[in-house]
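Only one structure is covered here, and it is reproduced in the block below.
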Amino acid sequence: MRYFLNFKTSIGKFGLIQDIEKKTLKVYNFNSCCKIIFRDNMNIIVCIKQVPDTAEIKINPHTNTLMREGVPSIINPYDLHAIEAALQLKENKGGKVTVITMGPPQAEDALREALAMGVDEAKLISDKAFAGSDTWATAYTLSKAIEKLGFDIILCGKQAIDGDTAQVGPEIAELLDIPHIAYVNLIKELGDDYIIVHRLMDDGYDIVQASLPVLLTVVKELNVPRLPSLKGKLIAKKASIPVITFKDLGAQEENVGLQGSPTKVKNIFAQTMKGDRKILEGDIEKQVEELLEVLKNLKCL
Ligand SMILES: Cc1cc2nc3c(=O)[nH]c(=O)nc-3n(C[C@H](O)[C@H](O)[C@H](O)COP(=O)(O)OP(=O)(O)OC[C@H]3O[C@@H](n4cnc5c(N)ncnc54)[C@H](O)[C@@H]3O)c2cc1C
């Protein structure tokens with residue numbers, strides 16, 4: 001059922017169309033011919049990852065997985081841009097922003113930071129069953145949670161600064177069977193059932209349109225993330241953050257955690273610096289000859 005209303009104000013003539021089934025409110029400005037669509041039910045999901053606040057990633061030598069314990073953590077920097085984009089979409093078009101993360105209990109800190117920035121809800125996906133997840137198992141688990149929450153737009157960072165694969169976003173989209181657009185640096189237009197964005201390329205940008213629901217991975221050029229406000233911090237401190245466990249997801253056991261991870265890490269090691277060095281002396285031509293000889297012996301030439 002649709003309701004229509006036209007009215008005149010000092011700044012122009014407007015028309016409103018409310019669609020009860022779609023839960024949309026369209027606002028037309030007849031003077032500028034511009035159309036704004038508000039959707040009460042626009043579900044925006046932001047996937048954030050808590051990452052170590054250090055370049056020194058520690059590896060568990062027995063399991064070959066990242067060790068997070070004892071390392072100060074932050075929200076993956078690209079994910080802050082995803083949160084900012086979600087908040088701007090909500091401010092301009094209406095809807096609800098939910099932030100999710102899959103991680104250990106301490107990942108709750110990242111969710112509180114997102115709440116302080118102004119997101120509506122936060123959910124922690126955490127269970128021993130998820131430990132050791134590779135990118136596929138991570139994407140599978142996140143996609144199951146997103147299915148339960150409902151979604152129109154899913155925002156992810158371009159990549160995580162620790163794992164660095166940039167796989168999780170596109171994998172979630174594949175598992176949910178929805179389109180995805182990676183490396184988004186501008187959201188140009190959001191319609192009732194479509195989105196138009198700019199996708200950053202090496203030599204410029206592509207303009208891409210996709211139907212909703214859609215998943216976007218975003219780059220830092222998209223926006224400047226806002227700082228948490230004092231009011232936001234107070235809300236975040238008191239907020240309760242529900243934990244979604246393996247049981248809640250209706251996921252298949254063989255698809256989660258280490259056993260659900262097709263990637264097998266054979267060996268990870270920190271490169272050790274060798275102290276061998278040789279200083280060449282004498283006239284420059286002799287040094288070049290000697291250097292070439294050394295490089296040939298090392299099979300570099
Ligand atoms: C066999 C194996 C076992 C592993 N075990 C562990 C482990 O026990 N603990 C561990 O921390 N890592 C583990 N990892 C690393 C883990 O797979 C990746 O860190 C994780 O899947 C995300 O990949 P990425 O960091 O490359 O993220 P990317 O694909 O680079 O991230 C892109 C975007 O996806 C979203 N995203 C990524 N991860 C999450 C998340 N967890 N929650 C919400 N959104 C997310 C964010 O928006 C992020 O910006 C393991 C990897 C392998 C191969």
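Each chain in the structure tokens gets a letter, A, B and so on, in the order shown; residues start at 1 in every chain, and ligands are counted from 1 in the order they appear.
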Tell me, which residues of range 22-234 of chain A carry DSSP helix (DSSP H, G or I), written as an MDAnalysis selection string?
chainID A and resid 77:93 105:117 128:130 135:149 168:176 220:222 230:234
Written selection (C-alpha atoms) as a PDB file, in the first residue's frame:
```
ATOM      1  CA  PRO A  77      42.117   0.406  10.020  1.00  0.00           C
ATOM      2  CA  TYR A  78      40.216  -0.281   6.757  1.00  0.00           C
ATOM      3  CA  ASP A  79      37.216  -1.419   8.801  1.00  0.00           C
ATOM      4  CA  LEU A  80      36.987   2.035  10.408  1.00  0.00           C
ATOM      5  CA  HIS A  81      36.280   3.394   6.907  1.00  0.00           C
ATOM      6  CA  ALA A  82      33.601   0.699   6.468  1.00  0.00           C
ATOM      7  CA  ILE A  83      31.962   1.795   9.755  1.00  0.00           C
ATOM      8  CA  GLU A  84      32.080   5.471   8.676  1.00  0.00           C
ATOM      9  CA  ALA A  85      30.501   4.608   5.301  1.00  0.00           C
ATOM     10  CA  ALA A  86      27.715   2.673   7.042  1.00  0.00           C
ATOM     11  CA  LEU A  87      27.005   5.560   9.420  1.00  0.00           C
ATOM     12  CA  GLN A  88      26.876   8.053   6.540  1.00  0.00           C
ATOM     13  CA  LEU A  89      24.503   5.792   4.575  1.00  0.00           C
ATOM     14  CA  LYS A  90      22.245   5.553   7.614  1.00  0.00           C
ATOM     15  CA  GLU A  91      22.348   9.310   8.198  1.00  0.00           C
ATOM     16  CA  ASN A  92      21.418  10.019   4.573  1.00  0.00           C
ATOM     17  CA  LYS A  93      19.008   7.187   3.872  1.00  0.00           C
ATOM     18  CA  PRO A 105      36.094 -12.710  23.849  1.00  0.00           C
ATOM     19  CA  GLN A 106      38.506  -9.744  23.892  1.00  0.00           C
ATOM     20  CA  ALA A 107      37.268  -8.775  20.388  1.00  0.00           C
ATOM     21  CA  GLU A 108      34.352  -7.223  22.310  1.00  0.00           C
ATOM     22  CA  ASP A 109      36.602  -4.148  22.813  1.00  0.00           C
ATOM     23  CA  ALA A 110      36.579  -3.532  19.048  1.00  0.00           C
ATOM     24  CA  LEU A 111      32.776  -3.758  19.023  1.00  0.00           C
ATOM     25  CA  ARG A 112      32.506  -1.240  21.894  1.00  0.00           C
ATOM     26  CA  GLU A 113      34.697   1.165  19.934  1.00  0.00           C
ATOM     27  CA  ALA A 114      32.333   0.815  16.964  1.00  0.00           C
ATOM     28  CA  LEU A 115      29.347   1.443  19.262  1.00  0.00           C
ATOM     29  CA  ALA A 116      31.102   4.578  20.524  1.00  0.00           C
ATOM     30  CA  MET A 117      31.373   5.763  16.907  1.00  0.00           C
ATOM     31  CA  LYS A 128      35.920 -22.436  20.698  1.00  0.00           C
ATOM     32  CA  ALA A 129      34.569 -24.238  17.621  1.00  0.00           C
ATOM     33  CA  PHE A 130      35.669 -21.279  15.458  1.00  0.00           C
ATOM     34  CA  THR A 135      39.678 -17.177   5.429  1.00  0.00           C
ATOM     35  CA  TRP A 136      37.112 -19.641   4.027  1.00  0.00           C
ATOM     36  CA  ALA A 137      35.922 -20.843   7.450  1.00  0.00           C
ATOM     37  CA  THR A 138      35.882 -17.208   8.661  1.00  0.00           C
ATOM     38  CA  ALA A 139      33.763 -16.161   5.674  1.00  0.00           C
ATOM     39  CA  TYR A 140      31.465 -19.190   6.123  1.00  0.00           C
ATOM     40  CA  THR A 141      30.892 -18.400   9.814  1.00  0.00           C
ATOM     41  CA  LEU A 142      30.338 -14.685   9.141  1.00  0.00           C
ATOM     42  CA  SER A 143      27.941 -15.444   6.269  1.00  0.00           C
ATOM     43  CA  LYS A 144      25.866 -17.712   8.525  1.00  0.00           C
ATOM     44  CA  ALA A 145      25.612 -14.926  11.129  1.00  0.00           C
ATOM     45  CA  ILE A 146      24.764 -12.329   8.461  1.00  0.00           C
ATOM     46  CA  GLU A 147      22.006 -14.588   7.097  1.00  0.00           C
ATOM     47  CA  LYS A 148      20.458 -14.693  10.571  1.00  0.00           C
ATOM     48  CA  LEU A 149      20.697 -10.907  11.001  1.00  0.00           C
ATOM     49  CA  VAL A 168      37.036 -12.638   3.452  1.00  0.00           C
ATOM     50  CA  GLY A 169      34.744  -9.943   1.941  1.00  0.00           C
ATOM     51  CA  PRO A 170      34.417 -11.476  -1.538  1.00  0.00           C
ATOM     52  CA  GLU A 171      34.095 -14.964  -0.011  1.00  0.00           C
ATOM     53  CA  ILE A 172      31.164 -13.841   2.176  1.00  0.00           C
ATOM     54  CA  ALA A 173      29.443 -12.477  -0.951  1.00  0.00           C
ATOM     55  CA  GLU A 174      29.993 -15.766  -2.802  1.00  0.00           C
ATOM     56  CA  LEU A 175      28.620 -17.787   0.112  1.00  0.00           C
ATOM     57  CA  LEU A 176      25.547 -15.540   0.324  1.00  0.00           C
ATOM     58  CA  LYS A 220      40.824   4.396   2.954  1.00  0.00           C
ATOM     59  CA  GLU A 221      40.180   7.012   0.238  1.00  0.00           C
ATOM     60  CA  LEU A 222      36.413   6.545   0.816  1.00  0.00           C
ATOM     61  CA  LEU A 230      31.820  11.284  24.675  1.00  0.00           C
ATOM     62  CA  LYS A 231      28.110  10.391  24.510  1.00  0.00           C
ATOM     63  CA  GLY A 232      28.970   7.465  22.240  1.00  0.00           C
ATOM     64  CA  LYS A 233      31.605   6.248  24.668  1.00  0.00           C
ATOM     65  CA  LEU A 234      29.099   6.306  27.537  1.00  0.00           C
TER      66      LEU A 234
END
```
Sorted by chain and rising residue number, list the residues of chain A at most 8 Å from ligand 1 (counting only C-alpha atoms and all ligand atoms), each with its closest atom pair and distance in Å to one decimal, as CSV.
```
residue,atom,partner,partner_atom_place_in_ligand_line,distance
A:Val46,CA,ligand 1,47 (O),7.0
A:Cys47,CA,ligand 1,44 (N),4.0
A:Ile48,CA,ligand 1,44 (N),4.2
A:Lys49,CA,ligand 1,39 (C),4.4
A:Gln50,CA,ligand 1,41 (N),7.3
A:Val51,CA,ligand 1,11 (O),7.9
A:Thr63,CA,ligand 1,3 (C),8.0
A:Asn64,CA,ligand 1,3 (C),7.2
A:Thr65,CA,ligand 1,5 (N),4.8
A:Leu66,CA,ligand 1,10 (C),5.4
A:Met67,CA,ligand 1,9 (N),7.2
A:Arg68,CA,ligand 1,11 (O),7.0
A:Asn76,CA,ligand 1,49 (O),6.3
A:Pro77,CA,ligand 1,49 (O),7.9
A:Tyr78,CA,ligand 1,49 (O),5.8
A:Asp79,CA,ligand 1,49 (O),5.1
A:Ala82,CA,ligand 1,47 (O),7.5
A:Ile100,CA,ligand 1,43 (C),6.0
A:Thr101,CA,ligand 1,42 (N),3.8
A:Met102,CA,ligand 1,42 (N),3.9
A:Gly103,CA,ligand 1,41 (N),5.5
A:Ile125,CA,ligand 1,42 (N),7.9
A:Phe130,CA,ligand 1,8 (O),7.7
A:Ala131,CA,ligand 1,8 (O),4.6
A:Gly132,CA,ligand 1,8 (O),3.2
A:Ser133,CA,ligand 1,5 (N),4.5
A:Asp134,CA,ligand 1,17 (O),3.1
A:Thr135,CA,ligand 1,21 (O),3.2
A:Trp136,CA,ligand 1,21 (O),6.7
A:Ala137,CA,ligand 1,21 (O),7.0
A:Thr138,CA,ligand 1,21 (O),4.9
A:Ala139,CA,ligand 1,21 (O),7.1
A:Leu142,CA,ligand 1,43 (C),6.8
A:Leu155,CA,ligand 1,47 (O),6.8
A:Cys156,CA,ligand 1,47 (O),3.4
A:Gly157,CA,ligand 1,49 (O),3.2
A:Lys158,CA,ligand 1,49 (O),5.3
A:Gln159,CA,ligand 1,30 (O),3.3
A:Ala160,CA,ligand 1,30 (O),3.8
A:Ile161,CA,ligand 1,30 (O),6.8
A:Asp162,CA,ligand 1,25 (O),5.5
A:Gly163,CA,ligand 1,25 (O),3.1
A:Asp164,CA,ligand 1,26 (O),4.1
A:Thr165,CA,ligand 1,26 (O),3.6
A:Ala166,CA,ligand 1,30 (O),3.4
A:Gln167,CA,ligand 1,29 (O),3.8
A:Val168,CA,ligand 1,29 (O),3.7
A:Gly169,CA,ligand 1,34 (O),4.8
A:Thr217,CA,ligand 1,33 (C),7.2
A:Gly257,CA,ligand 1,5 (N),7.6
A:Leu258,CA,ligand 1,3 (C),6.0
A:Ser261,CA,ligand 1,1 (C),5.8
A:Pro262,CA,ligand 1,1 (C),7.3
A:Thr263,CA,ligand 1,53 (C),4.9
A:Lys264,CA,ligand 1,1 (C),5.0
A:Val265,CA,ligand 1,1 (C),5.5
```
Which one of A:Val208, A:Asp193, A:Lys274, A:Val184 sits closest to Asn223 in chain A if you count only C-alpha atoms?
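Looking only at the distances to Asn223 in chain A, the closest residue turns out to be A:Val184.
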Nearest to Pro242 in chain A, chosen from A:Ser73, A:Ser126, A:Thr9, A:Gln259, with only C-alpha atoms counted in the distances
A:Ser126
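Distances to Gly94 in chain A were evaluated for A:Leu249, A:Asn43, A:Ile187, A:Ile195 using only C-alpha atoms, and the minimum falls at A:Asn43.
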Rank nothing, just name the residue among A:Ile44, A:Val214, A:Ile207, A:Ala122 nearest to Tyr194 in chain A, using only C-alpha atoms.
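Between A:Ile44, A:Val214, A:Ile207, A:Ala122, the residue approaching Tyr194 in chain A most closely is A:Val214.
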Could you pull out the residues in range 165-254 of chain A that DSSP calls strand (DSSP E) from the backbone, as a PyMOL selection string?
chain A and resi 180-190+194-201+204-211+214-218+243-244
Just-selected residues, N, CA and C atoms written as a compact mmCIF listing (two decimals), in the first residue's frame:
```txt
# COMPACT_ATOMS: atom_id res chain seq x y z
N HIS A 180 29.39 -8.55 -5.29
CA HIS A 180 30.27 -7.76 -4.45
C HIS A 180 31.08 -6.82 -5.33
N ILE A 181 31.43 -5.68 -4.75
CA ILE A 181 32.30 -4.72 -5.44
C ILE A 181 33.46 -4.43 -4.48
N ALA A 182 34.68 -4.68 -4.94
CA ALA A 182 35.85 -4.49 -4.07
C ALA A 182 36.48 -3.12 -4.33
N TYR A 183 37.28 -2.65 -3.36
CA TYR A 183 38.08 -1.42 -3.46
C TYR A 183 37.21 -0.17 -3.73
N VAL A 184 36.09 -0.07 -3.03
CA VAL A 184 35.19 1.08 -3.25
C VAL A 184 35.80 2.34 -2.61
N ASN A 185 35.91 3.40 -3.43
CA ASN A 185 36.45 4.66 -2.89
C ASN A 185 35.42 5.80 -2.94
N LEU A 186 34.22 5.50 -3.45
CA LEU A 186 33.14 6.50 -3.42
C LEU A 186 31.80 5.80 -3.56
N ILE A 187 30.87 6.16 -2.69
CA ILE A 187 29.49 5.66 -2.88
C ILE A 187 28.72 6.81 -3.51
N LYS A 188 28.40 6.63 -4.78
CA LYS A 188 27.86 7.74 -5.57
C LYS A 188 26.35 7.86 -5.38
N GLU A 189 25.67 6.74 -5.40
CA GLU A 189 24.21 6.78 -5.32
C GLU A 189 23.69 5.49 -4.71
N LEU A 190 22.73 5.64 -3.80
CA LEU A 190 22.06 4.45 -3.26
C LEU A 190 20.59 4.59 -3.54
N TYR A 194 19.30 -0.56 -5.71
CA TYR A 194 20.58 -0.58 -6.43
C TYR A 194 21.58 0.36 -5.77
N ILE A 195 22.84 0.18 -6.12
CA ILE A 195 23.87 1.09 -5.61
C ILE A 195 24.86 1.38 -6.75
N ILE A 196 25.35 2.61 -6.80
CA ILE A 196 26.38 2.96 -7.78
C ILE A 196 27.61 3.45 -7.02
N VAL A 197 28.76 2.84 -7.31
CA VAL A 197 29.98 3.21 -6.57
C VAL A 197 31.14 3.41 -7.54
N HIS A 198 32.19 4.01 -7.03
CA HIS A 198 33.46 4.06 -7.76
C HIS A 198 34.38 3.00 -7.16
N ARG A 199 35.02 2.24 -8.04
CA ARG A 199 35.96 1.20 -7.58
C ARG A 199 37.37 1.63 -7.99
N LEU A 200 38.23 1.76 -6.98
CA LEU A 200 39.59 2.26 -7.22
C LEU A 200 40.41 1.25 -8.02
N MET A 201 41.03 1.72 -9.10
CA MET A 201 41.89 0.87 -9.92
C MET A 201 43.29 1.50 -9.96
N GLY A 204 43.05 4.71 -12.25
CA GLY A 204 41.83 5.52 -12.19
C GLY A 204 40.76 4.82 -11.39
N TYR A 205 39.50 4.91 -11.89
CA TYR A 205 38.42 4.21 -11.18
C TYR A 205 37.37 3.72 -12.16
N ASP A 206 36.66 2.67 -11.78
CA ASP A 206 35.51 2.17 -12.54
C ASP A 206 34.25 2.68 -11.87
N ILE A 207 33.21 2.93 -12.65
CA ILE A 207 31.90 3.22 -12.06
C ILE A 207 31.09 1.93 -12.17
N VAL A 208 30.66 1.41 -11.03
CA VAL A 208 30.00 0.10 -11.03
C VAL A 208 28.63 0.21 -10.37
N GLN A 209 27.64 -0.39 -11.02
CA GLN A 209 26.30 -0.45 -10.43
C GLN A 209 25.98 -1.88 -10.07
N ALA A 210 25.38 -2.10 -8.92
CA ALA A 210 24.98 -3.46 -8.53
C ALA A 210 23.60 -3.38 -7.89
N SER A 211 22.89 -4.51 -7.97
CA SER A 211 21.59 -4.56 -7.29
C SER A 211 21.83 -4.88 -5.82
N VAL A 214 24.07 -6.24 -1.54
CA VAL A 214 25.40 -6.19 -2.12
C VAL A 214 26.45 -6.16 -1.00
N LEU A 215 27.65 -6.63 -1.33
CA LEU A 215 28.76 -6.50 -0.38
C LEU A 215 29.82 -5.60 -1.00
N LEU A 216 30.28 -4.63 -0.20
CA LEU A 216 31.34 -3.72 -0.67
C LEU A 216 32.57 -3.90 0.21
N THR A 217 33.74 -3.92 -0.40
CA THR A 217 34.96 -3.79 0.42
C THR A 217 35.52 -2.40 0.12
N VAL A 218 35.97 -1.73 1.18
CA VAL A 218 36.27 -0.30 1.02
C VAL A 218 37.75 0.01 1.26
N VAL A 243 26.51 -12.51 22.35
CA VAL A 243 27.51 -13.40 21.75
C VAL A 243 26.77 -14.45 20.93
N ILE A 244 27.16 -14.56 19.67
CA ILE A 244 26.59 -15.59 18.79
C ILE A 244 27.55 -16.78 18.81
```
Would you please work out which residue, of A:Pro104, A:Gly70, A:Gly275, A:Gly12, is nearest to Asp53 in chain A when using only C-alpha atoms?
A:Gly70
